[in-house]
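Trainee: Structure file work-v9.cif, mmCIF, C-alpha atoms, is pasted below:
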data_target
#
loop_
_atom_site.label_atom_id
_atom_site.label_comp_id
_atom_site.auth_asym_id
_atom_site.auth_seq_id
_atom_site.Cartn_x
_atom_site.Cartn_y
_atom_site.Cartn_z
CA MET P 23 152.78 37.42 -53.84
CA LEU P 24 152.19 39.57 -50.76
CA SER P 25 149.34 41.45 -52.40
CA TYR P 26 147.61 38.15 -53.20
CA ALA P 27 148.13 36.95 -49.63
CA ILE P 28 146.59 40.18 -48.31
CA LEU P 29 143.58 39.77 -50.60
CA ILE P 30 143.06 36.14 -49.57
CA ALA P 31 143.36 37.06 -45.89
CA CYS P 32 140.85 39.90 -46.43
CA ALA P 33 138.38 37.53 -48.06
CA LEU P 34 138.70 34.99 -45.24
CA ILE P 35 138.21 37.61 -42.56
CA CYS P 36 135.22 39.02 -44.42
CA CYS P 37 133.67 35.52 -44.27
CA ALA P 38 134.48 35.40 -40.56
CA LEU P 39 132.83 38.79 -40.03
CA ALA P 40 129.76 37.64 -41.96
CA LEU P 41 129.48 34.55 -39.75
CA ASN P 42 129.79 36.73 -36.65
CA ALA P 43 127.08 39.04 -37.98
CA TRP P 44 124.88 36.02 -38.58
CA ARG P 45 125.36 34.91 -34.97
CA LEU P 46 124.69 38.49 -33.85
CA ILE P 47 121.36 38.49 -35.68
CA ILE P 48 120.05 35.02 -34.85
CA GLY P 49 121.82 34.49 -31.50
CA PRO P 50 119.06 33.06 -29.32
CA THR P 51 120.12 34.86 -26.13
CA THR P 52 121.80 38.13 -25.19
CA PRO P 53 125.10 36.49 -24.05
CA ASP P 54 125.39 34.89 -27.49
CA ARG P 55 125.18 38.31 -29.06
CA ILE P 56 127.87 39.62 -26.72
CA ILE P 57 130.25 36.86 -27.83
CA ALA P 58 129.48 37.71 -31.45
CA VAL P 59 130.30 41.39 -30.87
CA ASP P 60 133.48 40.48 -28.97
CA THR P 61 134.66 38.28 -31.84
CA MET P 62 133.77 41.00 -34.31
CA TYR P 63 136.04 43.42 -32.45
CA ILE P 64 138.97 41.04 -32.75
CA ASN P 65 138.26 40.35 -36.41
CA SER P 66 138.07 44.05 -37.16
CA ILE P 67 141.49 44.55 -35.54
CA ALA P 68 142.85 42.04 -38.06
CA MET P 69 140.98 43.85 -40.85
CA ILE P 70 142.50 47.22 -39.94
CA ILE P 71 146.00 45.72 -39.76
CA LEU P 72 145.43 44.22 -43.21
CA LEU P 73 144.33 47.62 -44.55
CA GLY P 74 147.53 49.10 -43.15
CA LEU P 75 149.58 46.40 -44.88
CA TYR P 76 147.69 46.93 -48.16
CA GLN P 77 148.31 50.66 -48.18
CA GLY P 78 151.82 50.28 -46.73
CA SER P 79 151.27 52.80 -43.95
CA ALA P 80 152.00 52.10 -40.30
CA ILE P 81 149.56 54.61 -38.82
CA TYR P 82 146.56 52.25 -38.79
CA TYR P 83 148.20 50.56 -35.82
CA GLU P 84 146.80 53.25 -33.50
CA GLY P 85 143.26 52.48 -34.58
CA ALA P 86 143.81 48.77 -33.99
CA LEU P 87 145.13 49.43 -30.49
CA LEU P 88 142.14 51.63 -29.68
CA ILE P 89 139.70 48.99 -30.90
CA ALA P 90 141.47 46.35 -28.81
CA LEU P 91 141.15 48.51 -25.68
CA LEU P 92 137.54 49.54 -26.30
CA GLY P 93 136.55 45.99 -27.24
CA PHE P 94 137.67 44.60 -23.91
CA VAL P 95 136.12 47.42 -21.91
CA SER P 96 132.79 47.15 -23.71
CA THR P 97 132.69 43.36 -23.37
CA SER P 98 133.24 43.67 -19.64
CA ALA P 99 130.61 46.40 -19.44
CA PHE P 100 128.07 44.22 -21.25
CA CYS P 101 128.84 41.27 -18.97
CA LYS P 102 128.62 43.45 -15.89
CA TYR P 103 125.25 44.66 -17.09
CA LEU P 104 123.98 41.10 -17.50
CA LEU P 105 125.39 40.04 -14.13
CA ARG P 106 124.09 42.96 -12.10
CA GLY P 107 121.44 44.62 -14.22
CA ASP P 108 123.41 47.82 -13.92
CA ILE P 109 126.84 49.07 -15.00
CA ILE P 110 127.59 51.61 -12.29
CA GLU P 111 126.18 50.68 -8.92
CA MET X 5 148.83 50.58 6.68
CA ASP X 6 149.15 52.93 9.69
CA LYS X 7 152.90 53.20 9.55
CA VAL X 8 154.54 55.41 7.01
CA ARG X 9 156.40 53.18 4.61
CA ASN X 10 160.11 53.47 4.18
CA PHE X 11 160.84 55.45 1.08
CA SER X 12 162.72 53.63 -1.60
CA TRP X 13 163.81 54.89 -4.98
CA PHE X 14 162.55 51.87 -6.89
CA PRO X 15 159.53 50.48 -5.07
CA MET X 16 158.39 48.42 -8.08
CA PRO X 17 161.47 47.54 -10.16
CA TYR X 18 159.78 45.10 -12.56
CA HIS X 19 156.87 47.43 -13.19
CA SER X 20 159.33 50.25 -13.85
CA ILE X 21 161.19 48.21 -16.45
CA LEU X 22 157.94 47.13 -18.08
CA LEU X 23 156.63 50.70 -18.17
CA TRP X 24 159.86 51.97 -19.72
CA LEU X 25 159.87 49.18 -22.30
CA VAL X 26 156.25 49.78 -23.33
CA TRP X 27 156.93 53.52 -23.62
CA GLN X 28 159.93 52.80 -25.88
CA ILE X 29 157.95 50.42 -28.07
CA LEU X 30 155.22 53.05 -28.46
CA HIS X 31 157.72 55.72 -29.47
CA ASP X 32 160.21 53.75 -31.57
CA PHE X 33 163.19 54.07 -29.21
CA SER X 34 163.93 57.74 -29.90
CA ASN X 35 166.46 59.46 -27.62
CA GLY X 36 164.13 62.02 -26.06
CA HIS X 37 161.52 59.42 -25.23
CA MET X 38 164.15 57.21 -23.57
CA VAL X 39 164.70 59.99 -21.00
CA LEU X 40 160.99 60.82 -20.67
CA GLY X 41 160.14 57.11 -20.29
CA ALA X 42 162.81 56.75 -17.60
CA VAL X 43 161.33 59.72 -15.71
CA PHE X 44 157.86 58.18 -15.86
CA ALA X 45 159.18 54.75 -14.92
CA ILE X 46 160.75 56.21 -11.78
CA VAL X 47 158.06 58.71 -10.74
CA ILE X 48 154.86 56.73 -11.36
CA PRO X 49 155.81 53.82 -9.00
CA TRP X 50 156.39 56.37 -6.19
CA ILE X 51 152.77 57.43 -6.51
CA VAL X 52 151.30 53.98 -7.17
CA ALA X 53 153.31 51.76 -4.77
CA PRO X 54 151.58 52.91 -1.52
CA LEU X 55 148.17 52.18 -3.07
CA SER X 56 148.76 48.50 -3.71
CA GLU X 57 148.69 45.83 -1.07
CA LYS X 58 151.48 43.40 -0.36
CA ARG X 59 152.71 41.97 -3.62
CA LEU X 60 153.69 38.40 -4.24
CA VAL X 61 157.12 38.08 -5.74
CA ALA X 62 158.07 35.19 -7.99
CA LYS X 63 160.72 32.98 -6.40
CA SER X 64 162.52 31.96 -9.56
CA HIS X 65 162.79 33.86 -12.84
CA ILE X 66 163.76 30.82 -14.87
CA LYS X 67 160.56 29.07 -13.83
CA VAL X 68 158.46 32.09 -14.82
CA LEU X 69 160.05 32.05 -18.28
CA MET X 70 159.56 28.30 -18.56
CA TYR X 71 155.93 28.62 -17.54
CA THR X 72 155.34 31.39 -20.11
CA PHE X 73 157.00 29.39 -22.85
CA ARG X 74 155.00 26.27 -21.99
CA LEU X 75 151.82 28.35 -22.00
CA LEU X 76 152.56 29.75 -25.46
CA VAL X 77 153.22 26.26 -26.84
CA ASP X 78 150.04 24.96 -25.20
CA ILE X 79 148.01 27.80 -26.71
CA VAL X 80 149.05 26.71 -30.21
CA VAL X 81 148.38 23.04 -29.41
CA SER X 82 144.96 23.74 -27.91
CA ASN X 83 144.09 25.91 -30.90
CA TYR X 84 144.78 22.96 -33.13
CA ASP X 85 142.60 20.83 -30.88
CA VAL X 86 139.68 23.27 -30.90
CA ALA X 87 140.02 23.75 -34.66
CA LYS X 88 139.72 19.98 -35.10
CA ARG X 89 136.56 19.94 -32.99
CA VAL X 90 135.11 22.85 -34.97
CA LEU X 91 135.56 21.03 -38.25
CA GLN X 92 134.07 17.78 -36.93
CA SER X 93 130.38 17.11 -36.54
CA ASN X 94 128.55 18.51 -33.55
CA ARG X 95 127.31 15.08 -32.58
CA SER X 96 130.78 13.81 -31.66
CA LEU X 97 131.06 16.62 -29.12
CA LYS X 98 130.88 15.77 -25.40
CA PRO X 99 130.76 19.07 -23.46
CA ALA X 100 130.87 18.87 -19.68
CA PHE X 101 131.29 20.81 -16.47
CA ILE X 102 134.01 19.73 -14.09
CA ALA X 103 135.10 20.98 -10.66
CA VAL X 104 138.84 21.29 -10.10
CA PRO X 105 140.00 21.25 -6.45
CA LEU X 106 142.46 24.07 -5.78
CA ASP X 107 145.61 24.08 -3.67
CA ILE X 108 146.49 27.72 -4.24
CA ASN X 109 144.37 30.52 -2.82
CA ALA X 110 146.31 33.76 -3.14
CA PRO X 111 144.61 36.10 -5.64
CA VAL X 112 147.46 36.59 -8.12
CA PRO X 113 148.36 32.92 -8.72
CA LEU X 114 144.67 32.10 -8.81
CA THR X 115 144.09 34.68 -11.55
CA ILE X 116 147.03 33.40 -13.57
CA PHE X 117 145.83 29.82 -13.08
CA ALA X 118 142.26 30.60 -14.17
CA SER X 119 143.55 32.51 -17.22
CA SER X 120 145.86 29.67 -18.20
CA VAL X 121 142.98 27.22 -17.92
CA SER X 122 140.85 29.51 -20.12
CA LEU X 123 143.55 29.84 -22.75
CA THR X 124 144.56 26.21 -22.96
CA PRO X 125 143.30 22.70 -23.26
CA GLY X 126 139.76 23.17 -24.57
CA THR X 127 138.56 24.52 -21.22
CA VAL X 128 137.08 27.80 -19.95
CA SER X 129 137.11 28.65 -16.25
CA VAL X 130 133.56 29.56 -15.29
CA GLU X 131 133.27 30.26 -11.61
CA LEU X 132 135.05 30.05 -8.28
CA SER X 133 133.36 28.68 -5.19
CA ASP X 134 133.02 31.09 -2.27
CA ASP X 135 135.65 29.39 -0.14
CA LYS X 136 138.14 29.45 -3.04
CA LYS X 137 138.65 25.70 -2.90
CA TRP X 138 137.02 24.72 -6.20
CA LEU X 139 137.24 26.10 -9.70
CA TYR X 140 134.36 25.24 -12.00
CA VAL X 141 135.51 24.63 -15.56
CA HIS X 142 133.58 24.04 -18.76
CA VAL X 143 135.18 21.52 -21.11
CA LEU X 144 134.51 21.43 -24.83
CA HIS X 145 135.16 17.74 -25.23
CA LEU X 146 135.56 15.50 -22.19
CA GLU X 147 137.21 12.12 -22.54
CA ASP X 148 138.17 11.25 -18.97
CA GLU X 149 137.29 13.57 -16.10
CA GLN X 150 139.93 12.48 -13.58
CA GLU X 151 142.67 12.50 -16.18
CA LEU X 152 141.85 16.05 -17.25
CA ILE X 153 141.78 17.28 -13.63
CA ASN X 154 145.18 15.67 -13.03
CA LEU X 155 146.55 17.21 -16.22
CA ILE X 156 145.38 20.71 -15.25
CA LYS X 157 146.74 20.34 -11.73
CA HIS X 158 150.13 19.02 -12.80
CA ARG X 159 150.68 21.19 -15.82
CA TYR X 160 149.53 24.57 -14.55
CA GLU X 161 148.88 24.54 -10.83
CA ALA X 162 152.04 22.78 -9.63
CA PRO X 163 154.46 25.16 -11.43
CA LEU X 164 152.52 28.20 -10.16
CA LYS X 165 152.67 26.84 -6.65
CA GLU X 166 156.42 26.46 -7.01
CA ILE X 167 156.85 29.92 -8.52
CA PHE X 168 154.91 31.80 -5.87
CA GLY X 169 155.60 29.39 -3.01
CA CYS X 170 152.16 29.33 -1.49
CA MET H 30 162.24 43.22 -49.63
CA THR H 31 163.67 39.79 -49.97
CA VAL H 32 161.62 36.89 -51.20
CA LEU H 33 162.04 34.99 -47.93
CA ILE H 34 160.51 37.78 -45.83
CA GLU H 35 157.66 38.11 -48.28
CA VAL H 36 156.95 34.37 -48.08
CA VAL H 37 157.05 34.42 -44.26
CA VAL H 38 154.69 37.42 -44.08
CA SER H 39 152.28 35.90 -46.60
CA VAL H 40 152.18 32.54 -44.83
CA LEU H 41 151.58 34.19 -41.46
CA LEU H 42 148.78 36.33 -42.91
CA VAL H 43 146.96 33.44 -44.57
CA PHE H 44 147.46 31.10 -41.60
CA GLY H 45 146.21 33.73 -39.15
CA SER H 46 143.12 34.50 -41.17
CA VAL H 47 142.32 30.79 -41.62
CA VAL H 48 142.54 30.32 -37.84
CA MET H 49 140.25 33.32 -37.30
CA LEU H 50 137.79 31.96 -39.83
CA ILE H 51 137.76 28.61 -38.01
CA GLY H 52 137.02 30.43 -34.77
CA SER H 53 134.10 32.22 -36.37
CA ILE H 54 132.80 28.99 -37.92
CA GLY H 55 132.88 27.49 -34.44
CA LEU H 56 130.94 30.47 -33.13
CA ALA H 57 128.33 29.99 -35.82
CA LYS H 58 127.93 26.22 -35.64
CA PHE H 59 128.38 24.98 -32.06
CA PRO H 60 125.17 23.85 -30.37
CA ASP H 61 125.02 25.85 -27.14
CA TYR H 62 126.33 28.96 -25.42
CA PHE H 63 129.20 27.44 -23.45
CA THR H 64 130.62 25.51 -26.38
CA ARG H 65 130.34 28.63 -28.53
CA LEU H 66 132.49 30.43 -25.99
CA HIS H 67 135.45 28.13 -26.69
CA ALA H 68 136.01 28.78 -30.37
CA PRO H 69 136.45 32.57 -30.53
CA THR H 70 138.44 32.95 -27.29
CA LYS H 71 141.12 30.54 -28.40
CA ALA H 72 141.17 30.79 -32.16
CA SER H 73 140.82 34.56 -32.45
CA THR H 74 143.74 35.19 -30.10
CA LEU H 75 146.14 33.02 -32.06
CA GLY H 76 144.85 34.26 -35.43
CA VAL H 77 145.15 37.92 -34.62
CA ALA H 78 148.58 37.33 -33.06
CA CYS H 79 149.77 35.77 -36.34
CA ILE H 80 148.46 38.69 -38.39
CA LEU H 81 150.02 41.22 -36.01
CA THR H 82 153.37 39.40 -36.19
CA ALA H 83 153.19 39.50 -39.99
CA SER H 84 152.52 43.23 -39.89
CA MET H 85 155.38 43.71 -37.42
CA ILE H 86 157.87 41.92 -39.69
CA PHE H 87 156.63 43.79 -42.77
CA PHE H 88 156.94 47.26 -41.24
CA SER H 89 160.27 46.46 -39.56
CA ILE H 90 161.71 45.77 -43.02
CA GLU H 91 159.75 48.50 -44.80
CA LEU H 92 160.59 51.32 -42.37
CA GLY H 93 164.16 50.12 -41.88
CA HIS H 94 164.07 50.12 -38.07
CA LEU H 95 162.77 47.79 -35.38
CA ASN H 96 159.00 48.15 -35.06
CA LEU H 97 157.53 46.27 -32.10
CA LYS H 98 154.29 48.21 -31.68
CA GLU H 99 152.10 45.32 -32.74
CA THR H 100 153.42 43.16 -29.88
CA LEU H 101 151.58 45.50 -27.53
CA ILE H 102 148.24 44.61 -29.15
CA SER H 103 149.12 40.89 -29.11
CA MET H 104 150.10 41.03 -25.45
CA PHE H 105 146.98 42.99 -24.55
CA LEU H 106 144.73 40.51 -26.33
CA LEU H 107 146.57 37.57 -24.78
CA ILE H 108 145.94 38.99 -21.30
CA THR H 109 142.36 40.15 -21.84
CA ALA H 110 140.98 37.20 -23.84
CA PRO H 111 140.75 34.78 -20.87
CA VAL H 112 139.39 37.52 -18.62
CA ALA H 113 136.68 38.36 -21.15
CA ALA H 114 135.93 34.63 -21.59
CA HIS H 115 135.60 34.21 -17.83
CA MET H 116 133.23 37.19 -17.57
CA LEU H 117 131.17 35.91 -20.51
CA ALA H 118 130.93 32.46 -18.92
CA LYS H 119 129.80 34.02 -15.64
CA ALA H 120 127.22 36.11 -17.47
CA GLY H 121 125.92 33.02 -19.26
CA LEU H 122 125.71 31.12 -16.00
CA HIS H 123 123.82 33.98 -14.39
CA TYR H 124 121.51 34.28 -17.38
CA LYS H 125 120.79 30.53 -17.10
CA VAL H 126 121.35 29.86 -20.79
CA LYS H 127 120.20 26.48 -22.02
CA MET H 128 122.82 23.76 -22.36
CA THR H 129 122.69 20.90 -24.83
CA ASP H 130 121.30 17.72 -23.32
CA SER H 131 124.57 15.88 -23.95
CA THR H 132 126.40 18.13 -21.45
CA GLU H 133 127.74 16.04 -18.60
CA ASN H 134 127.62 17.09 -14.94
CA GLN H 135 124.88 19.67 -15.40
CA HIS H 136 124.33 19.71 -11.63
CA LEU H 137 127.75 21.39 -11.28
CA ALA H 138 126.45 24.38 -13.22
CA LYS H 139 123.82 24.99 -10.53
CA LYS H 140 126.45 24.66 -7.81
CA ALA H 141 128.67 27.10 -9.67
CA TYR H 142 125.81 29.54 -9.99
CA LEU H 143 125.36 29.48 -6.21
CA HIS H 144 129.18 29.67 -5.61
CA LYS H 145 128.97 26.48 -3.55
CA ASN H 146 131.29 23.52 -3.12
CA PRO H 147 130.43 20.55 -5.31
CA ASP H 148 130.08 18.40 -2.16
CA ASP H 149 127.42 20.60 -0.57
CA ALA H 150 123.83 19.57 -0.75
#
Rewrite the structure of this file - the entire thing - as structure tokens.
Mentor:
Amino acid sequence: MLSYAILIACALICCALALNAWRLIIGPTTPDRIIAVDTMYINSIAMIILLGLYQGSAIYYEGALLIALLGFVSTSAFCKYLLRGDIIE
Amino acid sequence: MDKVRNFSWFPMPYHSILLWLVWQILHDFSNGHMVLGAVFAIVIPWIVAPLSEKRLVAKSHIKVLMYTFRLLVDIVVSNYDVAKRVLQSNRSLKPAFIAVPLDINAPVPLTIFASSVSLTPGTVSVELSDDKKWLYVHVLHLEDEQELINLIKHRYEAPLKEIFGC
Amino acid sequence: MTVLIEVVVSVLLVFGSVVMLIGSIGLAKFPDYFTRLHAPTKASTLGVACILTASMIFFSIELGHLNLKETLISMFLLITAPVAAHMLAKAGLHYKVKMTDSTENQHLAKKAYLHKNPDDA
């Protein structure tokens, strides 16, 4: 049962990632694209956790944590760039 | 900041406990890391405490827990709300900007308040006015402006005001 | 692994991924920038928290000892999601993104952009 649940969850998150990619491509403005990338980060955390569950190994957790950290930092950097036109003033 | 501060062994007790706990979670509660985490939890606040300005301390722990619990419940409820709006047609949507008058103005409660507003009832905090008296909020679906402002003020601002006493 | 744990983990996984999918649908279908901001910030946080909880339960049973590492990611996302949403909203305001015509109180957006009180002229 668990393996089916993992496969279903994987399929759903793949759809979510495809929708995010679609928004990333068509997104009329730059801020829209930043939201799409931010959501993609969070979805990929879920994807990595699911891979860890599928293979039954707990080490993928570290990758998920790193993506969570980098996702937030990069989103703030993008926003800072849009707000100021520069990242480091 | 001219005077040398009195030295204390635990300048930031809650931060120390949190640091130790996070270290244990990262290293699966092994014996060696319990000692190492304790050393870090004691030494790092010595270095960091003089850097930070005066900290606000919560008046009541029970109220902090209650506020956290209420926030978690509200996150689930507001998720359900937003999910409903997502699955409905775009035409039934009534987005709006509102301005919420603020009674709190210390930075920490204000940050917690703005974050709570962002996480909960279909609202995202957008901007703060320069004099810190108004918080601009974007609402996904606005039914009644005054009612929503009252809800936000009663549900999130009043408890924070009680907790931090400002 | 008992059947009960397996059922709980499976339900959490499927529920979390459905919530995340709804967030992404919202991102794809809402009409303007500010409404698009709502769906992912709320739905993704809850969805990923559910999946992380499922993983936490699974590995706690599988490895035979308490495994709370995933809570750290959940906590981190719970703290950073509103901050990121706030920064994104500010960036959108600064960028002067177009709002749908049905948005009420559009004059407040201009006031917010200038950091003014709503009463000021």
Trainee: To verify the selection step, state as a VMD selection string which residues the PyMOL selection byres ((chain P) within 8 of (chain H)) yields on this input.
Mentor: chain P and resid 23 to 24 27 to 28 30 to 32 34 to 35 37 to 39 41 to 42 44 to 45 51 53 to 54 56 to 58 61 64 to 65 67 to 68 71 to 72 75 80 83 86 to 87 90 94 97 to 98 101 to 102 104 to 105
Trainee: Just so the selection is clear, what residues does the PyMOL selection byres ((chain X) within 9 of (chain H)) cover here, as an mmCIF file with C-alpha atoms, keeping the file's coordinate frame?
Mentor:
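Saved as part05.cif:
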data_model
loop_
_atom_site.group_PDB
_atom_site.id
_atom_site.type_symbol
_atom_site.label_atom_id
_atom_site.label_comp_id
_atom_site.auth_asym_id
_atom_site.auth_seq_id
_atom_site.Cartn_x
_atom_site.Cartn_y
_atom_site.Cartn_z
ATOM 1 C CA VAL X 26 156.250 49.780 -23.330
ATOM 2 C CA ILE X 29 157.950 50.420 -28.070
ATOM 3 C CA LEU X 30 155.220 53.050 -28.460
ATOM 4 C CA HIS X 31 157.720 55.720 -29.470
ATOM 5 C CA ASP X 32 160.210 53.750 -31.570
ATOM 6 C CA PHE X 33 163.190 54.070 -29.210
ATOM 7 C CA ILE X 79 148.010 27.800 -26.710
ATOM 8 C CA VAL X 80 149.050 26.710 -30.210
ATOM 9 C CA SER X 82 144.960 23.740 -27.910
ATOM 10 C CA ASN X 83 144.090 25.910 -30.900
ATOM 11 C CA TYR X 84 144.780 22.960 -33.130
ATOM 12 C CA VAL X 86 139.680 23.270 -30.900
ATOM 13 C CA ALA X 87 140.020 23.750 -34.660
ATOM 14 C CA ARG X 89 136.560 19.940 -32.990
ATOM 15 C CA VAL X 90 135.110 22.850 -34.970
ATOM 16 C CA LEU X 91 135.560 21.030 -38.250
ATOM 17 C CA ASN X 94 128.550 18.510 -33.550
ATOM 18 C CA LEU X 97 131.060 16.620 -29.120
ATOM 19 C CA LYS X 98 130.880 15.770 -25.400
ATOM 20 C CA PRO X 99 130.760 19.070 -23.460
ATOM 21 C CA ALA X 100 130.870 18.870 -19.680
ATOM 22 C CA PHE X 101 131.290 20.810 -16.470
ATOM 23 C CA ILE X 102 134.010 19.730 -14.090
ATOM 24 C CA ALA X 103 135.100 20.980 -10.660
ATOM 25 C CA THR X 115 144.090 34.680 -11.550
ATOM 26 C CA ALA X 118 142.260 30.600 -14.170
ATOM 27 C CA SER X 119 143.550 32.510 -17.220
ATOM 28 C CA SER X 120 145.860 29.670 -18.200
ATOM 29 C CA VAL X 121 142.980 27.220 -17.920
ATOM 30 C CA SER X 122 140.850 29.510 -20.120
ATOM 31 C CA LEU X 123 143.550 29.840 -22.750
ATOM 32 C CA THR X 124 144.560 26.210 -22.960
ATOM 33 C CA GLY X 126 139.760 23.170 -24.570
ATOM 34 C CA THR X 127 138.560 24.520 -21.220
ATOM 35 C CA VAL X 128 137.080 27.800 -19.950
ATOM 36 C CA SER X 129 137.110 28.650 -16.250
ATOM 37 C CA VAL X 130 133.560 29.560 -15.290
ATOM 38 C CA GLU X 131 133.270 30.260 -11.610
ATOM 39 C CA LEU X 132 135.050 30.050 -8.280
ATOM 40 C CA SER X 133 133.360 28.680 -5.190
ATOM 41 C CA ASP X 134 133.020 31.090 -2.270
ATOM 42 C CA ASP X 135 135.650 29.390 -0.140
ATOM 43 C CA LYS X 137 138.650 25.700 -2.900
ATOM 44 C CA TRP X 138 137.020 24.720 -6.200
ATOM 45 C CA LEU X 139 137.240 26.100 -9.700
ATOM 46 C CA TYR X 140 134.360 25.240 -12.000
ATOM 47 C CA HIS X 142 133.580 24.040 -18.760
ATOM 48 C CA VAL X 143 135.180 21.520 -21.110
ATOM 49 C CA LEU X 144 134.510 21.430 -24.830
ATOM 50 C CA LEU X 146 135.560 15.500 -22.190
#
Trainee: CA of Val61 (chain X) to CA of Ile167 (chain X): how many Å, to one decimal?
Mentor: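 Value for the CA of Val61 (chain X)-CA of Ile167 (chain X) distance: 8.6 Å.
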Trainee: Give me the residues within 12 Å of Pro163 (chain X) as an MDAnalysis selection string, counting only C-alpha atoms and dropping any in the same chain fewer than 2 places off.
Mentor: chainID X and resid 62:64 66:72 74:75 107:108 113 116:117 120 156:161 165:170
Trainee: What's the separation between CA of Trp13 (chain X) and CA of Leu40 (chain X), in Å to one decimal place?
Mentor: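 CA of Leu40 (chain X) lies 17.0 Å from CA of Trp13 (chain X).
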Trainee: Mind giving me the straight-line distance from CA of Val81 (chain X) to CA of Pro111 (chain X) in Å, one decimal?
Mentor: 27.4 Å
Trainee: To verify the selection step, state as a list in words which residues the PyMOL selection byres ((chain X and resi 44-54) around 6) yields on this input.
Mentor: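 Checked against the file, the PyMOL selection byres ((chain X and resi 44-54) around 6) matches Ser20, Leu23, Trp24, Gly41, Ala42, Val43, Leu55 and Ser56 of chain X.
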Trainee: Taking all atoms listed in the file into account, which of P:Phe100, P:Gln77, P:Leu91, P:Glu84 comes nearest chain X?
Mentor: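 Looking at the shortest contact to chain X, the residue is P:Glu84.
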